[in-house]
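Before any comments, here is the structure.
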Amino acid sequence: MSQAVGGGDRGANNFGSLRVLFAILVVLSHAPELADGNRSREWLTQVFGTLSLGEIAVDGFFLVSGYLITASYRAKRSFSDYVLRRARRIYPGFVAASLVCIAVVAPLGGGDVAAVSPMETVLRLSLLLMPVVPGAFEGLPYPMLNGALWTIPCEFGCYLLLGLVGTARALRRRRRYLVLLAGLGGLLALRRLYLPVGAPGDGLGTLSEMIRLTFMFCCGGAFRLFGDRIAYTGCGAALAVLLLLPLMFSPALAEPAFAVLGGYLIFWFALAVRPNALSRMTAQVDASYGLYLYAWPMQNLLVARLPGLSPWTAAILALAAAIPLGFLSWYLVEKPMLPRRPGGSGSREAGDALTAAPALRP
């Protein structure tokens, strides 16, 4: 099957299904680790010993985001217009979820809301940093009010980088873009030698993860820029699977292999497979952002309040709570802030801003 549709036709692709799938994978990946801090029970880690389901989901989010935002960038009127549109997609949901975590989740999780500094809170919100309430989830393996938010400044940083790359005309001169991608690939290799891998909690760890996620984002952009030279076929997808599986056992090669071969599989499914019912339903309703904004605090709250609860039961209950919150976030917070289509109804960017959910690292 050859490539059927372009990324701009949101009603005729499977990006909506991918967003929901990635968000659910993150919740499932977090389930055992949030309960006791032990990553070894995570399903994909048990198989390959390299990437977890959560990391695969994060990489997938950034690949898809790079593809869609690169397409969206070409519709900009100016650099400031582009940045404003991206901010309108990211900030409202982030701010609302952060305030809900501070006002509602933190007290239930043992946090001292009275000790929160309003000025620090405003600063952290403006910089897209996760909210902090002293005492919240104290004693848990991951005592973070909403650890899912650490990837959001990485995502917005990728938006800004793309804007600078576009200003340098590298999106029109593809050789320049390949030079950027090769440079990021080199940094990805050096990262394994000199930086902590999978540790976003400290300065060097965060830098390490920013390199990884930026590489994924730019790989997604490359799939968009070179889309006229890529044929998405069933035979190509089968070959990608056969090549990817053995490489997933290599700590050094799993990440770049997933960027290229996994990226091909993702965009083959998104663009060449007939859109399914979920994709059609989510073409203009993107509840996935809210789903992963609220899933972490729901999971950690269940761990704190119901000790001994099965991780998988906690994951199902967290999804049951986070999915309706995701729809509320979309309809009440996110959608009203999006630009309207000229001469029509509905948001112009319902599906092209994708914020990556996190994967826990040891």
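Letters for chains follow the order of the structure tokens (A, B, ...), residue numbers begin at 1 for each chain, and ligand numbers begin at 1 in the order shown.
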* Tell me which protein, DNA and RNA residues are within 12 Å of Phe61 (chain A), counting only C-alpha atoms, leaving out same-chain ones fewer than 5 positions away, and put them as a PyMOL selection string. => chain A and resi 15-26+54-56+66-69+151-152+155+213-214+216-220+259+262-263+266-267+288-289+292+352-359
Return as JSON lines the residues of region 12-65 of chain A lying at most 12 Å from region 310-317 of chain A, together with the closest atom-to-atom pair for each and the distance in Å to one decimal, counting only C-alpha atoms, with rows in chain order and ascending residue number.
{"residue": "A:Ala23", "atom": "CA", "partner": "A:Ala315", "partner_atom": "CA", "distance": 11.9}
{"residue": "A:Ile24", "atom": "CA", "partner": "A:Ala315", "partner_atom": "CA", "distance": 9.2}
{"residue": "A:Leu25", "atom": "CA", "partner": "A:Ala315", "partner_atom": "CA", "distance": 10.2}
{"residue": "A:Val26", "atom": "CA", "partner": "A:Ala315", "partner_atom": "CA", "distance": 9.9}
{"residue": "A:Val27", "atom": "CA", "partner": "A:Ala315", "partner_atom": "CA", "distance": 6.2}
{"residue": "A:Leu28", "atom": "CA", "partner": "A:Ala315", "partner_atom": "CA", "distance": 6.1}
{"residue": "A:Ser29", "atom": "CA", "partner": "A:Ala315", "partner_atom": "CA", "distance": 9.1}
{"residue": "A:His30", "atom": "CA", "partner": "A:Ala315", "partner_atom": "CA", "distance": 8.1}
{"residue": "A:Ala31", "atom": "CA", "partner": "A:Pro311", "partner_atom": "CA", "distance": 4.9}
{"residue": "A:Pro32", "atom": "CA", "partner": "A:Pro311", "partner_atom": "CA", "distance": 5.3}
{"residue": "A:Glu33", "atom": "CA", "partner": "A:Pro311", "partner_atom": "CA", "distance": 8.5}
{"residue": "A:Leu34", "atom": "CA", "partner": "A:Pro311", "partner_atom": "CA", "distance": 8.1}
{"residue": "A:Ala35", "atom": "CA", "partner": "A:Pro311", "partner_atom": "CA", "distance": 6.3}
{"residue": "A:Asp36", "atom": "CA", "partner": "A:Pro311", "partner_atom": "CA", "distance": 9.3}
{"residue": "A:Gly37", "atom": "CA", "partner": "A:Pro311", "partner_atom": "CA", "distance": 11.4}
{"residue": "A:Asn38", "atom": "CA", "partner": "A:Pro311", "partner_atom": "CA", "distance": 11.5}
{"residue": "A:Arg41", "atom": "CA", "partner": "A:Pro311", "partner_atom": "CA", "distance": 10.5}
{"residue": "A:Glu42", "atom": "CA", "partner": "A:Pro311", "partner_atom": "CA", "distance": 10.8}
{"residue": "A:Trp43", "atom": "CA", "partner": "A:Trp312", "partner_atom": "CA", "distance": 11.9}
For the selection just defined, write its residues with N, CA and C atoms to a file, as a PDB file, in the first residue's frame.
ATOM      1  N   ALA A  23      -0.468   7.807  24.998  1.00  0.00           N
ATOM      2  CA  ALA A  23      -0.832   8.247  26.344  1.00  0.00           C
ATOM      3  C   ALA A  23      -1.146   7.047  27.245  1.00  0.00           C
ATOM      4  N   ILE A  24      -1.861   6.064  26.700  1.00  0.00           N
ATOM      5  CA  ILE A  24      -2.199   4.874  27.487  1.00  0.00           C
ATOM      6  C   ILE A  24      -0.945   4.064  27.816  1.00  0.00           C
ATOM      7  N   LEU A  25      -0.027   3.950  26.855  1.00  0.00           N
ATOM      8  CA  LEU A  25       1.222   3.216  27.097  1.00  0.00           C
ATOM      9  C   LEU A  25       2.028   3.844  28.233  1.00  0.00           C
ATOM     10  N   VAL A  26       2.025   5.166  28.301  1.00  0.00           N
ATOM     11  CA  VAL A  26       2.738   5.834  29.378  1.00  0.00           C
ATOM     12  C   VAL A  26       2.146   5.456  30.728  1.00  0.00           C
ATOM     13  N   VAL A  27       0.817   5.457  30.823  1.00  0.00           N
ATOM     14  CA  VAL A  27       0.151   5.106  32.081  1.00  0.00           C
ATOM     15  C   VAL A  27       0.491   3.670  32.481  1.00  0.00           C
ATOM     16  N   LEU A  28       0.441   2.750  31.521  1.00  0.00           N
ATOM     17  CA  LEU A  28       0.752   1.357  31.815  1.00  0.00           C
ATOM     18  C   LEU A  28       2.214   1.182  32.211  1.00  0.00           C
ATOM     19  N   SER A  29       3.093   1.917  31.545  1.00  0.00           N
ATOM     20  CA  SER A  29       4.511   1.830  31.865  1.00  0.00           C
ATOM     21  C   SER A  29       4.812   2.344  33.261  1.00  0.00           C
ATOM     22  N   HIS A  30       4.107   3.392  33.670  1.00  0.00           N
ATOM     23  CA  HIS A  30       4.322   3.969  34.994  1.00  0.00           C
ATOM     24  C   HIS A  30       3.806   3.082  36.121  1.00  0.00           C
ATOM     25  N   ALA A  31       2.843   2.199  35.821  1.00  0.00           N
ATOM     26  CA  ALA A  31       2.106   1.490  36.870  1.00  0.00           C
ATOM     27  C   ALA A  31       2.995   0.780  37.885  1.00  0.00           C
ATOM     28  N   PRO A  32       3.899  -0.118  37.479  1.00  0.00           N
ATOM     29  CA  PRO A  32       4.694  -0.808  38.501  1.00  0.00           C
ATOM     30  C   PRO A  32       5.730   0.093  39.153  1.00  0.00           C
ATOM     31  N   GLU A  33       6.280   1.027  38.396  1.00  0.00           N
ATOM     32  CA  GLU A  33       7.365   1.858  38.922  1.00  0.00           C
ATOM     33  C   GLU A  33       6.869   2.872  39.943  1.00  0.00           C
ATOM     34  N   LEU A  34       5.691   3.432  39.730  1.00  0.00           N
ATOM     35  CA  LEU A  34       5.148   4.362  40.710  1.00  0.00           C
ATOM     36  C   LEU A  34       4.810   3.654  42.020  1.00  0.00           C
ATOM     37  N   ALA A  35       4.492   2.368  41.926  1.00  0.00           N
ATOM     38  CA  ALA A  35       4.107   1.626  43.130  1.00  0.00           C
ATOM     39  C   ALA A  35       5.288   1.358  44.049  1.00  0.00           C
ATOM     40  N   ASP A  36       6.434   0.965  43.466  1.00  0.00           N
ATOM     41  CA  ASP A  36       7.564   0.601  44.329  1.00  0.00           C
ATOM     42  C   ASP A  36       8.921   1.051  43.802  1.00  0.00           C
ATOM     43  N   GLY A  37       8.959   1.816  42.716  1.00  0.00           N
ATOM     44  CA  GLY A  37      10.226   2.301  42.183  1.00  0.00           C
ATOM     45  C   GLY A  37      11.010   1.260  41.412  1.00  0.00           C
ATOM     46  N   ASN A  38      10.428   0.078  41.191  1.00  0.00           N
ATOM     47  CA  ASN A  38      11.128  -1.018  40.524  1.00  0.00           C
ATOM     48  C   ASN A  38      10.725  -1.069  39.055  1.00  0.00           C
ATOM     49  N   ARG A  41       9.885  -4.703  36.406  1.00  0.00           N
ATOM     50  CA  ARG A  41       8.630  -5.392  36.078  1.00  0.00           C
ATOM     51  C   ARG A  41       7.963  -4.820  34.841  1.00  0.00           C
ATOM     52  N   GLU A  42       8.463  -3.722  34.327  1.00  0.00           N
ATOM     53  CA  GLU A  42       7.869  -3.089  33.148  1.00  0.00           C
ATOM     54  C   GLU A  42       7.994  -4.042  31.952  1.00  0.00           C
ATOM     55  N   TRP A  43       6.903  -4.204  31.202  1.00  0.00           N
ATOM     56  CA  TRP A  43       6.807  -5.263  30.202  1.00  0.00           C
ATOM     57  C   TRP A  43       7.906  -5.205  29.143  1.00  0.00           C
TER      58      TRP A  43
END
* To do: Please report, as number ranges by chain, each residue of region 55-251 of chain A to which DSSP assigns helix (DSSP H, G or I) when run on this structure's backbone.
  => A: 55-73, 79-108, 113-115, 118-126, 147-167, 174-194, 203-225, 227-229, 234-247
* Nearby residues (only C-alpha atoms) at most 8 Å from region 231-246 of chain A, same-chain spacing under 2 positions excluded, as a PyMOL selection string -> chain A and resi 1-3+227-229+248-250+257-258+261-262+264-265+267-268+271-272
Restrict the calculation to only C-alpha atoms, then for each residue of region 283-331 of chain A with any atom at most 8 Å from an atom of region 91-107 of chain A give the closest atom pair and their distance in Å to one decimal, rows by chain and rising residue number, as JSON lines.
{"residue": "A:Tyr289", "atom": "CA", "partner": "A:Gly93", "partner_atom": "CA", "distance": 7.8}
{"residue": "A:Gly290", "atom": "CA", "partner": "A:Gly93", "partner_atom": "CA", "distance": 6.9}
{"residue": "A:Leu293", "atom": "CA", "partner": "A:Ala97", "partner_atom": "CA", "distance": 6.4}
{"residue": "A:Tyr294", "atom": "CA", "partner": "A:Ala97", "partner_atom": "CA", "distance": 6.8}
{"residue": "A:Pro297", "atom": "CA", "partner": "A:Val105", "partner_atom": "CA", "distance": 6.9}
{"residue": "A:Leu301", "atom": "CA", "partner": "A:Val105", "partner_atom": "CA", "distance": 7.4}
{"residue": "A:Ser329", "atom": "CA", "partner": "A:Gly93", "partner_atom": "CA", "distance": 6.4}
{"residue": "A:Trp330", "atom": "CA", "partner": "A:Gly93", "partner_atom": "CA", "distance": 7.9}
How would the residues just chosen look if you wrote them out with C-alpha atoms as an mmCIF file, in the first residue's frame?
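File produced: again.cif:
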data_model
loop_
_atom_site.group_PDB
_atom_site.id
_atom_site.type_symbol
_atom_site.label_atom_id
_atom_site.label_comp_id
_atom_site.auth_asym_id
_atom_site.auth_seq_id
_atom_site.Cartn_x
_atom_site.Cartn_y
_atom_site.Cartn_z
ATOM 1 C CA TYR A 289 -3.011 16.042 26.140
ATOM 2 C CA GLY A 290 -5.331 16.271 29.120
ATOM 3 C CA LEU A 293 -1.548 15.766 32.141
ATOM 4 C CA TYR A 294 -3.858 14.233 34.743
ATOM 5 C CA PRO A 297 -1.380 12.662 39.776
ATOM 6 C CA LEU A 301 -2.831 9.558 44.507
ATOM 7 C CA SER A 329 -9.537 19.925 29.544
ATOM 8 C CA TRP A 330 -10.099 19.884 25.786
#
Fewer than 6 positions away in the same chain doesn't count, so skip those; otherwise give me all residues within 10 Å of Leu328 (chain A), counting only C-alpha atoms, as a compact mmCIF listing (two decimals) with C-alpha atoms, in the first residue's frame.
# COMPACT_ATOMS: atom_id res chain seq x y z
CA ALA A 287 -8.24 14.66 24.72
CA GLY A 290 -5.33 16.27 29.12
CA LEU A 291 -5.20 12.49 29.58
CA ALA A 322 -7.97 10.85 33.56
CA GLU A 334 -7.70 23.98 25.36
